[in-house]
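Q: File data_20.txt below, compact mmCIF, C-alpha atoms:
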# COMPACT_ATOMS: atom_id res chain seq x y z
CA MET A 1 67.50 430.73 329.43
CA ARG A 2 63.76 431.03 328.70
CA ARG A 3 64.47 431.00 324.97
CA THR A 4 66.41 427.69 325.35
CA GLN A 5 63.56 426.13 327.34
CA GLY A 6 61.09 427.26 324.69
CA LYS A 7 63.15 425.54 321.99
CA HIS A 8 63.25 422.33 324.01
CA ILE A 9 59.49 422.38 324.50
CA LEU A 10 58.94 423.04 320.79
CA ILE A 11 61.23 420.13 319.84
CA LEU A 12 59.43 417.84 322.30
CA MET A 13 56.02 418.78 320.84
CA LEU A 14 57.28 418.11 317.31
CA LEU A 15 58.56 414.68 318.39
CA LEU A 16 55.22 413.81 319.99
CA ILE A 17 53.33 414.89 316.85
CA THR A 18 55.70 412.86 314.66
CA LEU A 19 55.35 409.76 316.81
CA GLY A 20 51.58 410.13 316.76
CA ALA A 21 51.63 410.26 312.97
CA VAL A 22 54.08 407.37 312.53
CA LEU A 23 52.77 404.89 315.10
CA PRO A 24 49.58 403.21 313.79
CA ALA A 25 46.53 403.54 315.95
CA GLN A 26 45.42 400.28 317.47
CA ALA A 27 42.22 399.12 315.85
CA ALA A 28 39.33 398.94 318.27
CA ALA A 29 37.84 395.50 318.80
CA GLU A 30 34.47 394.92 317.16
CA ARG A 31 31.59 395.21 319.63
CA VAL A 32 29.30 392.18 319.90
CA VAL A 33 26.14 392.03 322.01
CA VAL A 34 24.75 388.59 322.89
CA LEU A 35 21.10 388.78 323.88
CA ASP A 36 19.21 386.23 325.93
CA PHE A 37 17.55 383.75 323.63
CA LEU A 38 13.82 383.94 323.07
CA ALA A 39 11.95 380.95 324.48
CA LEU A 40 9.12 379.66 322.26
CA ASP A 41 6.33 377.29 323.07
CA ALA A 42 5.21 374.44 320.82
CA GLN A 43 2.89 376.82 318.93
CA GLY A 44 5.72 379.26 318.16
CA ASN A 45 4.57 381.93 320.63
CA TYR A 46 7.09 383.83 322.77
CA ILE A 47 7.21 382.80 326.40
CA ASP A 48 7.27 385.64 328.88
CA PRO A 49 10.69 385.62 330.62
CA ARG A 50 8.86 386.07 333.90
CA SER A 51 6.80 382.93 333.33
CA THR A 52 7.16 380.16 335.88
CA SER A 53 5.22 377.50 334.02
CA GLN A 54 8.20 376.75 331.78
CA GLY A 55 10.97 378.04 334.02
CA ASP A 56 13.50 375.46 332.83
CA LEU A 57 13.18 376.60 329.22
CA VAL A 58 13.46 380.28 330.17
CA SER A 59 16.56 379.57 332.26
CA LEU A 60 18.10 377.56 329.43
CA SER A 61 17.63 380.50 327.04
CA ARG A 62 19.85 382.58 329.33
CA VAL A 63 22.39 379.79 329.75
CA MET A 64 22.76 379.43 325.98
CA ALA A 65 23.43 383.18 325.62
CA GLN A 66 25.99 383.08 328.43
CA GLY A 67 27.73 380.09 326.86
CA ILE A 68 28.07 381.86 323.50
CA ALA A 69 29.31 385.05 325.19
CA ALA A 70 31.92 383.05 327.12
CA ARG A 71 33.27 381.48 323.94
CA LEU A 72 33.50 384.86 322.24
CA VAL A 73 35.45 386.23 325.20
CA GLN A 74 37.87 383.29 324.97
CA TYR A 75 38.34 383.99 321.27
CA GLY A 76 39.68 387.41 322.27
CA GLU A 77 38.94 389.33 319.08
CA PHE A 78 35.65 390.94 320.14
CA GLU A 79 34.45 393.34 322.81
CA VAL A 80 31.60 391.25 324.22
CA GLN A 81 28.56 392.45 326.17
CA ASP A 82 25.35 390.68 327.11
CA SER A 83 21.87 391.36 328.46
CA VAL A 84 23.25 391.75 331.99
CA SER A 85 25.97 394.31 331.23
CA LEU A 86 23.58 396.33 329.03
CA ARG A 87 20.54 395.93 331.27
CA GLY A 88 19.98 399.68 331.75
CA LYS A 89 20.41 400.63 328.10
CA LEU A 90 18.23 397.73 326.92
CA ALA A 91 15.51 398.86 329.34
CA GLU A 92 15.60 402.30 327.71
CA LEU A 93 14.93 400.69 324.32
CA GLY A 94 11.74 399.20 325.78
CA PHE A 95 11.41 395.93 323.91
CA ALA A 96 7.88 394.54 323.82
CA PRO A 97 7.69 390.92 325.04
CA GLU A 98 6.58 389.80 321.57
CA ALA A 99 9.39 391.74 319.75
CA SER A 100 11.19 389.48 317.28
CA ALA A 101 14.93 388.81 317.22
CA TRP A 102 15.31 391.00 314.12
CA GLU A 103 13.50 393.93 315.80
CA ARG A 104 15.67 393.68 318.91
CA ALA A 105 18.86 393.54 316.83
CA GLN A 106 17.76 396.52 314.71
CA ALA A 107 17.09 398.65 317.77
CA ILE A 108 20.50 397.87 319.30
CA LEU A 109 22.42 398.44 316.07
CA THR A 110 20.58 401.65 315.25
CA ALA A 111 21.26 402.98 318.75
CA GLY A 112 24.99 402.38 318.17
CA LEU A 113 25.36 399.96 321.08
CA ALA A 114 27.06 397.25 318.99
CA ASP A 115 28.59 396.37 315.65
CA GLN A 116 27.05 392.89 315.73
CA VAL A 117 24.12 391.38 317.59
CA ILE A 118 23.78 387.66 318.29
CA THR A 119 20.52 386.27 319.51
CA GLY A 120 18.45 383.17 319.01
CA SER A 121 15.44 381.13 319.95
CA LEU A 122 14.86 377.98 321.95
CA THR A 123 11.84 375.71 321.74
CA LEU A 124 10.90 372.28 323.02
CA LEU A 125 9.35 369.76 320.62
CA GLN A 126 8.23 366.82 322.70
CA ASN A 127 11.53 365.97 324.47
CA THR A 128 13.87 367.54 321.88
CA ALA A 129 15.37 371.00 322.41
CA VAL A 130 15.77 372.93 319.15
CA VAL A 131 18.15 375.92 319.18
CA GLY A 132 18.40 378.56 316.47
CA VAL A 133 21.02 381.35 316.46
CA GLN A 134 21.18 384.47 314.27
CA ARG A 135 23.89 387.11 313.77
CA PHE A 136 22.91 390.61 312.59
CA GLN A 137 24.89 393.60 311.27
CA LEU A 138 24.14 396.97 309.73
CA ALA A 139 24.59 397.27 305.95
CA GLY A 140 24.31 401.00 305.43
CA ARG A 141 21.18 401.78 307.40
CA ARG A 142 19.64 398.35 306.98
CA THR A 143 19.79 395.51 309.46
CA VAL A 144 20.78 392.32 307.68
CA LEU A 145 21.16 388.72 308.73
CA VAL A 146 24.79 387.72 308.12
CA GLY A 147 24.90 384.32 309.84
CA SER A 148 22.62 381.66 311.24
CA ALA A 149 22.82 378.17 312.70
CA LEU A 150 20.42 375.51 313.90
CA ALA A 151 20.98 372.46 316.10
CA SER A 152 18.98 370.12 318.33
CA ALA A 153 19.59 368.10 321.48
CA ALA A 154 17.73 364.95 322.45
CA ARG A 155 17.40 366.24 326.00
CA VAL A 156 16.95 369.78 327.28
CA GLN A 157 19.91 369.51 329.64
CA ASP A 158 22.19 368.64 326.68
CA ALA A 159 21.45 371.89 324.81
CA PRO A 160 24.47 373.83 326.25
CA ASN A 161 26.75 371.28 324.57
CA LEU A 162 25.61 372.72 321.21
CA VAL A 163 27.38 376.06 321.73
CA ASP A 164 30.59 375.09 319.89
CA SER A 165 28.85 373.67 316.83
CA LEU A 166 26.49 376.65 316.64
CA LEU A 167 29.37 379.15 316.73
CA THR A 168 31.28 377.16 314.10
CA ASP A 169 28.36 377.52 311.67
CA LEU A 170 27.48 381.08 312.74
CA PHE A 171 30.73 382.69 311.52
CA PRO A 172 32.51 382.42 308.15
CA PRO A 173 35.42 379.94 307.83
CA ASP A 174 38.09 382.62 308.26
CA VAL A 175 36.70 383.58 311.70
CA GLN A 176 37.37 380.53 313.82
CA VAL A 177 35.79 381.35 317.16
CA ILE A 178 35.95 377.63 317.85
CA GLU A 179 39.17 376.21 316.45
CA ARG A 180 38.31 373.32 314.18
CA ALA A 181 40.32 370.14 314.24
CA VAL A 182 42.45 369.42 311.18
CA ASP A 183 41.24 366.36 309.34
CA GLN A 184 43.32 366.49 306.14
CA LEU A 185 46.61 368.06 305.08
CA PHE A 186 47.75 368.70 301.52
CA VAL A 187 51.22 369.88 300.56
CA VAL A 188 51.87 371.52 297.18
CA PRO A 189 53.72 370.50 295.10
CA GLY A 190 53.53 366.79 295.84
CA GLN A 191 57.04 366.17 294.47
CA VAL A 192 59.95 368.56 294.09
CA ARG A 193 63.12 368.28 292.03
CA LEU A 194 65.78 370.72 293.18
CA ASN A 195 69.17 371.45 291.77
CA LEU A 196 71.95 371.19 294.32
CA GLY A 197 71.83 374.29 296.56
CA GLN A 198 68.42 375.42 295.28
CA SER A 199 65.52 376.28 297.62
CA LYS A 200 61.73 376.16 297.19
CA GLN A 201 58.76 377.22 299.32
CA LEU A 202 56.17 374.54 300.10
CA THR A 203 52.48 375.44 300.45
CA VAL A 204 50.32 373.45 302.89
CA TYR A 205 46.54 373.41 303.05
CA ALA A 206 44.60 372.20 306.11
CA LEU A 207 40.95 371.12 305.91
CA ASP A 208 38.47 370.13 308.59
CA ALA A 209 36.19 367.10 308.47
CA MET A 210 33.69 368.99 306.28
CA GLY A 211 36.34 370.04 303.75
CA ARG A 212 36.50 373.66 304.90
CA PRO A 213 39.91 375.37 305.04
CA ILE A 214 41.40 375.99 308.46
CA ALA A 215 42.42 379.62 308.92
CA SER A 216 46.05 380.34 309.91
CA PRO A 217 47.12 376.88 311.11
CA GLU A 218 50.65 376.18 312.30
CA PHE A 219 52.76 373.40 310.84
CA LEU A 220 55.80 371.35 311.76
CA PHE A 221 58.13 370.23 308.96
CA PHE A 222 60.49 367.23 309.17
CA SER A 223 63.08 365.92 306.73
CA SER A 224 63.87 362.20 306.63
CA ASP A 225 67.50 362.99 305.72
CA GLU A 226 68.70 366.43 306.81
CA SER A 227 72.11 365.80 305.26
CA LYS A 228 70.46 365.86 301.82
CA VAL A 229 67.43 368.11 302.21
CA SER A 230 66.84 370.70 304.90
CA VAL A 231 63.50 372.34 305.70
CA ASP A 232 62.92 375.34 307.96
CA GLU A 233 59.91 376.26 310.10
CA GLN A 234 58.40 378.21 307.19
CA GLY A 235 58.42 375.19 304.86
CA VAL A 236 61.36 376.23 302.66
CA VAL A 237 63.26 373.16 301.45
CA THR A 238 66.91 373.38 300.36
CA GLY A 239 68.95 370.78 298.49
CA LEU A 240 72.18 370.10 300.39
CA GLN A 241 73.41 366.88 298.75
CA PRO A 242 72.28 364.87 295.73
CA GLY A 243 69.73 362.26 296.69
CA THR A 244 66.13 361.90 297.83
CA ALA A 245 64.47 362.75 301.14
CA THR A 246 60.89 362.70 302.37
CA ILE A 247 59.33 365.80 303.92
CA THR A 248 56.63 365.17 306.54
CA VAL A 249 54.22 367.94 307.53
CA ARG A 250 52.10 367.88 310.70
CA ALA A 251 49.54 370.43 311.87
CA ILE A 252 49.60 372.01 315.31
CA THR A 253 46.12 372.73 316.66
CA ARG A 254 44.26 372.75 319.93
CA GLY A 255 41.66 370.44 318.44
CA THR A 256 41.27 366.87 319.51
CA ARG A 257 42.60 365.63 316.15
CA SER A 258 45.38 366.92 313.97
CA GLY A 259 44.74 364.62 311.01
CA SER A 260 47.17 362.38 309.19
CA PRO A 261 50.49 363.99 308.24
CA ALA A 262 51.16 365.04 304.67
CA VAL A 263 54.27 363.65 302.97
CA MET A 264 56.12 364.59 299.82
CA GLN A 265 59.44 363.74 298.20
CA VAL A 266 62.32 366.06 297.36
CA THR A 267 64.97 364.91 294.88
CA VAL A 268 68.21 366.88 294.73
CA LEU A 269 70.01 366.75 291.38
CA PRO A 270 73.74 367.18 290.75
CA PRO A 271 75.19 369.06 287.77
CA THR A 272 75.05 366.97 284.61
CA PHE A 273 77.64 368.80 282.54
CA GLY A 274 80.67 370.91 283.28
CA VAL A 275 83.65 372.54 281.62
CA ARG A 276 87.07 373.14 283.18
CA VAL A 277 90.00 375.29 282.14
CA GLY A 278 93.18 375.21 284.18
CA SER A 279 96.88 374.56 284.38
CA LEU A 280 99.28 372.19 286.02
CA VAL A 281 101.05 373.74 288.99
CA THR A 282 103.77 371.09 288.80
CA PRO A 283 105.51 370.90 285.37
CA ARG A 284 105.59 367.64 283.48
CA GLY A 285 108.83 365.67 283.63
CA GLY A 286 111.60 367.23 281.54
CA GLU A 287 109.53 370.37 280.76
CA THR A 288 109.72 373.87 282.20
CA ARG A 289 106.34 375.14 281.02
CA PHE A 290 103.05 374.76 282.86
CA PRO A 291 100.68 373.31 280.29
CA VAL A 292 97.09 374.49 279.98
CA ARG A 293 94.44 371.79 280.29
CA ILE A 294 90.84 371.72 279.15
CA GLY A 295 88.39 369.35 280.79
CA LEU A 296 84.83 368.09 280.57
CA ARG A 297 82.79 366.70 283.46
CA LEU A 298 79.82 364.43 282.77
CA THR A 299 77.55 363.12 285.54
CA PRO A 300 75.00 360.67 284.10
CA THR A 301 71.46 361.16 285.39
CA VAL A 302 70.50 358.19 287.53
CA ASP A 303 67.83 357.51 290.13
CA GLN A 304 69.29 359.05 293.27
CA LYS A 305 68.64 356.65 296.13
CA GLY A 306 70.95 358.39 298.55
CA ALA A 307 73.64 356.85 300.64
CA GLN A 308 73.31 353.21 301.46
CA SER A 309 72.54 352.39 305.05
CA LYS A 310 75.29 349.82 305.04
CA THR A 311 78.42 349.81 302.94
CA PRO A 312 78.58 346.58 300.94
CA ASP A 313 81.47 344.22 301.41
CA LEU A 314 84.14 345.00 298.81
CA ALA A 315 86.46 342.19 299.81
CA PRO A 316 86.11 338.57 300.92
CA ALA A 317 85.84 337.69 304.58
CA ASP A 318 89.50 336.70 304.86
CA ALA A 319 90.69 340.11 303.60
CA LEU A 320 92.57 342.53 305.77
CA PRO A 321 90.34 343.95 308.54
CA ALA A 322 89.37 347.61 308.15
CA ASP A 323 90.19 348.84 311.63
CA SER A 324 92.21 351.73 313.02
CA SER A 325 95.35 349.58 313.30
CA ASN A 326 95.40 348.73 309.58
CA PRO A 327 96.26 351.65 307.24
CA LEU A 328 95.30 349.64 304.18
CA GLY A 329 91.90 348.98 305.70
CA ILE A 330 91.34 352.69 306.31
CA ILE A 331 92.29 353.53 302.72
CA SER A 332 90.07 350.74 301.38
CA SER A 333 87.14 351.92 303.49
CA PHE A 334 87.60 355.52 302.30
CA PHE A 335 87.71 354.63 298.62
CA GLY A 336 84.85 352.18 299.01
CA SER A 337 82.67 354.89 300.61
CA MET A 338 83.48 357.39 297.87
CA LEU A 339 82.78 354.97 295.04
CA THR A 340 79.57 353.47 296.46
CA ASN A 341 77.93 356.50 298.07
CA GLY A 342 79.25 359.22 295.77
CA LEU A 343 78.05 360.25 292.34
CA MET A 344 79.95 358.77 289.43
CA THR A 345 81.48 361.54 287.29
CA ILE A 346 83.38 361.01 284.03
CA ASP A 347 86.41 363.32 283.69
CA LEU A 348 87.89 364.04 280.25
CA ASP A 349 90.99 366.24 280.52
CA PHE A 350 93.37 366.95 277.68
CA ASP A 351 96.32 369.15 276.87
CA PRO A 352 95.64 370.06 273.21
CA SER A 353 97.88 368.00 270.88
CA ARG A 354 99.85 366.57 273.83
CA GLU A 355 97.85 364.40 276.23
CA LEU A 356 94.44 362.88 276.94
CA LEU A 357 93.25 361.78 280.39
CA VAL A 358 90.07 359.84 281.15
CA SER A 359 88.96 359.00 284.69
CA PHE A 360 85.92 357.79 286.57
CA SER A 361 85.47 359.50 289.93
CA GLY A 362 83.11 359.02 292.83
CA VAL A 363 82.24 362.55 293.97
CA GLN A 364 80.59 363.52 297.23
CA ARG A 365 78.82 366.84 296.66
CA SER A 366 77.29 369.41 298.95
CA ALA A 367 75.81 372.85 298.41
CA SER A 368 79.18 374.49 299.10
CA GLY A 369 81.72 372.13 297.55
CA TYR A 370 82.71 368.59 296.63
CA LEU A 371 85.31 365.90 297.24
CA GLY A 372 86.11 363.03 294.92
CA THR A 373 88.46 360.21 294.14
CA GLY A 374 88.70 357.96 291.15
CA VAL A 375 90.79 355.95 288.74
CA GLY A 376 91.63 356.51 285.09
CA TYR A 377 94.12 356.30 282.27
CA VAL A 378 96.39 358.86 280.63
CA THR A 379 97.94 358.62 277.17
CA PRO A 380 100.02 361.06 275.09
CA LEU A 381 98.59 362.30 271.80
CA ASP A 382 101.93 363.10 270.17
CA ASP A 383 103.70 359.88 271.16
CA VAL A 384 101.29 357.12 272.10
CA GLU A 385 104.10 354.79 273.12
CA SER A 386 105.54 357.01 275.84
CA GLN A 387 104.45 358.20 279.29
CA LYS A 388 101.11 356.47 279.32
CA GLY A 389 99.78 354.87 282.46
CA PHE A 390 97.08 354.48 285.09
CA ILE A 391 96.17 357.33 287.41
CA LEU A 392 94.71 357.69 290.85
CA ARG A 393 92.84 361.03 291.03
CA PHE A 394 91.91 363.17 294.03
CA THR A 395 89.64 366.20 293.58
CA ILE A 396 88.56 368.91 296.00
CA GLY A 397 86.59 371.98 295.03
CA THR A 398 84.20 374.72 295.98
CA GLN A 399 81.51 376.40 293.91
CA TYR A 400 79.79 379.74 293.60
CA ARG A 401 76.20 379.71 292.39
CA THR A 402 75.27 382.35 289.83
CA SER A 403 71.73 381.04 289.20
CA SER A 404 69.58 378.01 289.92
CA ARG A 405 71.07 376.19 286.91
CA LEU A 406 74.65 377.44 286.82
CA ALA A 407 77.58 377.23 289.25
CA MET A 408 81.19 378.35 288.90
CA PRO A 409 83.58 375.83 290.52
CA VAL A 410 87.17 376.27 291.60
CA GLU A 411 88.98 372.97 292.13
CA ALA A 412 92.33 371.40 292.85
CA VAL A 413 93.18 368.05 291.23
CA VAL A 414 95.98 365.73 292.30
CA ASP A 415 96.88 362.88 289.92
CA ALA A 416 99.14 360.02 290.96
CA ILE A 417 100.42 358.46 287.70
CA PHE A 418 101.64 354.88 287.56
CA PRO A 419 103.16 354.36 284.08
CA THR A 420 102.76 351.08 282.27
CA ALA A 421 106.33 351.25 280.93
CA SER A 422 109.11 350.37 283.36
CA VAL A 423 111.30 353.16 281.98
CA PHE A 424 109.25 355.77 283.80
CA SER A 425 108.74 356.04 287.56
CA PRO A 426 105.48 357.04 289.31
CA SER A 427 104.84 360.78 289.49
CA PHE A 428 102.40 363.28 290.96
CA ARG A 429 100.75 366.27 289.34
CA LEU A 430 98.81 369.13 290.90
CA GLY A 431 96.38 371.15 288.81
CA ILE A 432 94.12 374.12 289.46
CA ASN A 433 90.92 374.50 287.43
CA ILE A 434 88.03 376.93 287.09
CA GLY A 435 84.96 376.63 284.90
CA PHE A 436 81.19 376.14 285.14
CA ASP A 437 78.73 373.37 285.99
CA LEU A 438 75.30 373.20 284.35
CA PHE A 439 72.34 371.73 286.25
CA PRO A 440 69.33 370.10 284.56
Rewrite the structure of this file - the entire thing - as structure tokens.
A:
Amino acid sequence: MRRTQGKHILILMLLLITLGAVLPAQAAAERVVVLDFLALDAQGNYIDPRSTSQGDLVSLSRVMAQGIAARLVQYGEFEVQDSVSLRGKLAELGFAPEASAWERAQAILTAGLADQVITGSLTLLQNTAVVGVQRFQLAGRRTVLVGSALASAARVQDAPNLVDSLLTDLFPPDVQVIERAVDQLFVVPGQVRLNLGQSKQLTVYALDAMGRPIASPEFLFFSSDESKVSVDEQGVVTGLQPGTATITVRAITRGTRSGSPAVMQVTVLPPTFGVRVGSLVTPRGGETRFPVRIGLRLTPTVDQKGAQSKTPDLAPADALPADSSNPLGIISSFFGSMLTNGLMTIDLDFDPSRELLVSFSGVQRSASGYLGTGVGYVTPLDDVESQKGFILRFTIGTQYRTSSRLAMPVEAVVDAIFPTASVFSPSFRLGINIGFDLFP
């Protein structure tokens, strides 16, 4: 029994040791001490903090230190202490009243009480309060000045309002104790051309009013046409349908201004060239074999303006109304939508030495597949006087992307053939094709 308990204890100790090695230790927050500012008279001499002749200036020097400490606490990345919380330890250091800001910072840093020391000076020139702030750190064993800021207020009572601007200048741009308002946004690249189904990451830069970069801002991305171009919360755009959409980027900040939005255009391109190899599932009239067909697909490159907001009138006003009670109107509306809003594709299909088929199809494409309808003409190659006629073509297909420029489609094609010679009757053919589509 004791041996079993000993094994359990040993296993538990090993688990604790393993967890201690695997789990990263939480980094301690950097210690910052904010000292009361030194009050100076007009001649540049230090004013004794116990002086009552300029009590307002001495009190203001403490208020400025408290204001800076409060902002650092709100920032939440530092362990902040001030002259009140360190009163006993500062008394042990025994600063002389005339000790400079650098001497005070050196004593605190050398004693290991802080990683950074912030202090400053306050003086009154006529009716203007001038505030200077310094930030010190140890570089090896040397105390160095790593940040400074200077500001003035027309009235003494307005000096506490300078805290935010002083802290903004006191720290480097990547440490935003006071979050700066976004004044300008830039999105890179300014224009994007994507092949259908392709994705691309956008990069956004945010600058403040002084042209400094804003550290770690958050952005909102919007697409003007989500049916053509989608964009996620990380700024990755994806081409869903051929056409053009505008991406708008806005910054999210706690500042009073978020700047003007950045806009850019994304154009989604369809495949420009394709090859098909397939066979008829339904045999041709009077034949028992299923002929093999070879096809080419050509989509001319045009300026993609996207779907029209309103389908143009394809028939005069006195034509049959396109409502749910009129089947011809439904068919007309369907074909009109495909031909006006789809991409025009030229189909060249031929059965070697037997037949040539040419059609013009309006194709609606998406990232996963396509649907098309069109009209064309078929003519035999061995006997040009027989079995030729007009066709009405329906196409439906899906595609598998192998790279950003190549897709492998699988499609079904239905041709309704209306022969020009009265000796033949209309017929239907069903074909299955595979092949590849090449993007620009």
Q: With 5 Å added on each side, what axis-aligned box encloses every listed atom of range 413-423 of chain A? Give the centre and edge lengths in Å to one decimal, as lines of an AutoDock Vina configuration file.
A:
center_x = 102.2
center_y = 359.2
center_z = 286.6
size_x = 28.1
size_y = 27.7
size_z = 21.4
Q: Can you pull out every residue within 7 Å of Val130 in chain A, counting all atoms listed in the file, but drop anything in the same chain fewer than 2 positions away, and send it as a list in words?
A: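 Listing them by chain and then by number gives Leu122, Thr123, Leu124, Thr128, Gly132, Ala151, Ser152 and Ala153 of chain A.
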Q: Let me see the file: selected residues, C-alpha atoms, as an mmCIF file, in the coordinates of the input.
A:
data_model
loop_
_atom_site.group_PDB
_atom_site.id
_atom_site.type_symbol
_atom_site.label_atom_id
_atom_site.label_comp_id
_atom_site.auth_asym_id
_atom_site.auth_seq_id
_atom_site.Cartn_x
_atom_site.Cartn_y
_atom_site.Cartn_z
ATOM 1 C CA LEU A 122 14.860 377.980 321.950
ATOM 2 C CA THR A 123 11.840 375.710 321.740
ATOM 3 C CA LEU A 124 10.900 372.280 323.020
ATOM 4 C CA THR A 128 13.870 367.540 321.880
ATOM 5 C CA GLY A 132 18.400 378.560 316.470
ATOM 6 C CA ALA A 151 20.980 372.460 316.100
ATOM 7 C CA SER A 152 18.980 370.120 318.330
ATOM 8 C CA ALA A 153 19.590 368.100 321.480
#
Q: Find, counting only C-alpha atoms, the residue in A:Asn161, A:Pro270, A:Ala215, A:Ala154 that gets nearest to Asp174 in chain A.
A: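 Between A:Asn161, A:Pro270, A:Ala215, A:Ala154, the residue approaching Asp174 in chain A most closely is A:Ala215.
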Q: Quick check, in Å to one decimal: how far apart do CA of Gly147 in chain A and CA of Leu86 in chain A lie?
A: 22.7 Å
Q: Enumerate, as a PDB file with C-alpha atoms, keeping the file's coordinate frame, the protein, DNA and RNA residues whose atoms approach (100.1, 359.3, 281.0) to within 9 Å, taking into account only C-alpha atoms and the coordinate frame of the file.
A:
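Output file part-v2.pdb follows:
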ATOM      1  CA  GLU A 355      97.850 364.400 276.230  1.00  0.00           C
ATOM      2  CA  LEU A 356      94.440 362.880 276.940  1.00  0.00           C
ATOM      3  CA  LEU A 357      93.250 361.780 280.390  1.00  0.00           C
ATOM      4  CA  TYR A 377      94.120 356.300 282.270  1.00  0.00           C
ATOM      5  CA  VAL A 378      96.390 358.860 280.630  1.00  0.00           C
ATOM      6  CA  THR A 379      97.940 358.620 277.170  1.00  0.00           C
ATOM      7  CA  PRO A 380     100.020 361.060 275.090  1.00  0.00           C
ATOM      8  CA  SER A 386     105.540 357.010 275.840  1.00  0.00           C
ATOM      9  CA  GLN A 387     104.450 358.200 279.290  1.00  0.00           C
ATOM     10  CA  LYS A 388     101.110 356.470 279.320  1.00  0.00           C
ATOM     11  CA  GLY A 389      99.780 354.870 282.460  1.00  0.00           C
ATOM     12  CA  PHE A 390      97.080 354.480 285.090  1.00  0.00           C
ATOM     13  CA  ILE A 391      96.170 357.330 287.410  1.00  0.00           C
ATOM     14  CA  ILE A 417     100.420 358.460 287.700  1.00  0.00           C
ATOM     15  CA  PHE A 418     101.640 354.880 287.560  1.00  0.00           C
ATOM     16  CA  PRO A 419     103.160 354.360 284.080  1.00  0.00           C
ATOM     17  CA  THR A 420     102.760 351.080 282.270  1.00  0.00           C
TER      18      THR A 420
END
Q: Using Å and a single decimal, report how far CA of Ile68 in chain A sits from CA of Asp115 in chain A.
A: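 One can read the CA of Asp115 in chain A to CA of Ile68 in chain A distance as 16.5 Å.
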Q: Would you mind telling me which residue in A:Met64, A:Val34, A:Leu343, A:Val187 lies nearest to Gln157 in chain A when using all atoms listed in the file?
A: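 Smallest separation from Gln157 in chain A among the options: A:Met64.
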Q: May I ask which of the residues A:Val33, A:Ala91, A:Ala407, A:Leu57 is the closest one to Ile118 in chain A, counting all atoms listed in the file?
A: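 Looking at the shortest contact to Ile118 in chain A, the residue is A:Val33.
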Q: Could you give me, as a ChimeraX atom specification, the residues within 7 Å of Leu166 in chain A, counting only C-alpha atoms and dropping anything in the same chain fewer than 2 positions from it?
A: /A:149-151,162-164,168-170
Q: What lies within 10 Å of range 291-295 of chain A using only C-alpha atoms, ignoring chain neighbours under 3 positions off, as a list in words?
A: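 The residues that qualify are Gly274, Val275, Arg276, Val277, Gly278, Ser279, Leu280, Val281, Thr282, Pro283, Arg284, Glu287, Thr288, Asp347, Leu348, Asp349, Phe350, Asp351, Pro352, Arg354, Glu355, Leu356, Leu357, Val358, Gly431, Ile432, Asn433, Ile434 and Gly435 of chain A.
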Q: I need the residues from that last selection saved to file as a compact mmCIF listing (two decimals), in the coordinates of the input (with C-alpha atoms), if you can.
A:
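Saved result, result_2.txt, follows:
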# COMPACT_ATOMS: atom_id res chain seq x y z
CA GLY A 274 80.67 370.91 283.28
CA VAL A 275 83.65 372.54 281.62
CA ARG A 276 87.07 373.14 283.18
CA VAL A 277 90.00 375.29 282.14
CA GLY A 278 93.18 375.21 284.18
CA SER A 279 96.88 374.56 284.38
CA LEU A 280 99.28 372.19 286.02
CA VAL A 281 101.05 373.74 288.99
CA THR A 282 103.77 371.09 288.80
CA PRO A 283 105.51 370.90 285.37
CA ARG A 284 105.59 367.64 283.48
CA GLU A 287 109.53 370.37 280.76
CA THR A 288 109.72 373.87 282.20
CA ASP A 347 86.41 363.32 283.69
CA LEU A 348 87.89 364.04 280.25
CA ASP A 349 90.99 366.24 280.52
CA PHE A 350 93.37 366.95 277.68
CA ASP A 351 96.32 369.15 276.87
CA PRO A 352 95.64 370.06 273.21
CA ARG A 354 99.85 366.57 273.83
CA GLU A 355 97.85 364.40 276.23
CA LEU A 356 94.44 362.88 276.94
CA LEU A 357 93.25 361.78 280.39
CA VAL A 358 90.07 359.84 281.15
CA GLY A 431 96.38 371.15 288.81
CA ILE A 432 94.12 374.12 289.46
CA ASN A 433 90.92 374.50 287.43
CA ILE A 434 88.03 376.93 287.09
CA GLY A 435 84.96 376.63 284.90
Q: For Pro271 in chain A, which residue among A:Gly211, A:Pro189, A:Pro440, A:Pro160 is the nearest when counting all atoms listed in the file?
A: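 Closest candidate: A:Pro440.
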Q: Starting from the point (86.8, 363.1, 289.1), work out which residues of protein, DNA or RNA have an atom no more than 8 Å away when counting all atoms listed in the file; state them as a VMD selection string.
A: chain A and resid 297 345 to 347 359 to 363 372 to 374 393 to 395
Q: Env of range 75-83 of chain A: 7 Å cut, atoms = all atoms listed in the file, seq-sep filter 2 positions within chain, self excluded. Answer as a PyMOL selection string.
A: chain A and resi 29-36+69+71-73+85-87+177
Q: Report as a PyMOL selection string all protein, DNA and RNA residues lying within 7 Å of Ser404 in chain A, evaluated on all atoms listed in the file, omitting residues in the same chain fewer than 2 positions from it.
A: chain A and resi 195+198+406
Q: Using C-alpha atoms, can you write the selected residues to a file as a compact mmCIF listing (two decimals), in the coordinates of the input?
A:
# COMPACT_ATOMS: atom_id res chain seq x y z
CA ASN A 195 69.17 371.45 291.77
CA GLN A 198 68.42 375.42 295.28
CA LEU A 406 74.65 377.44 286.82
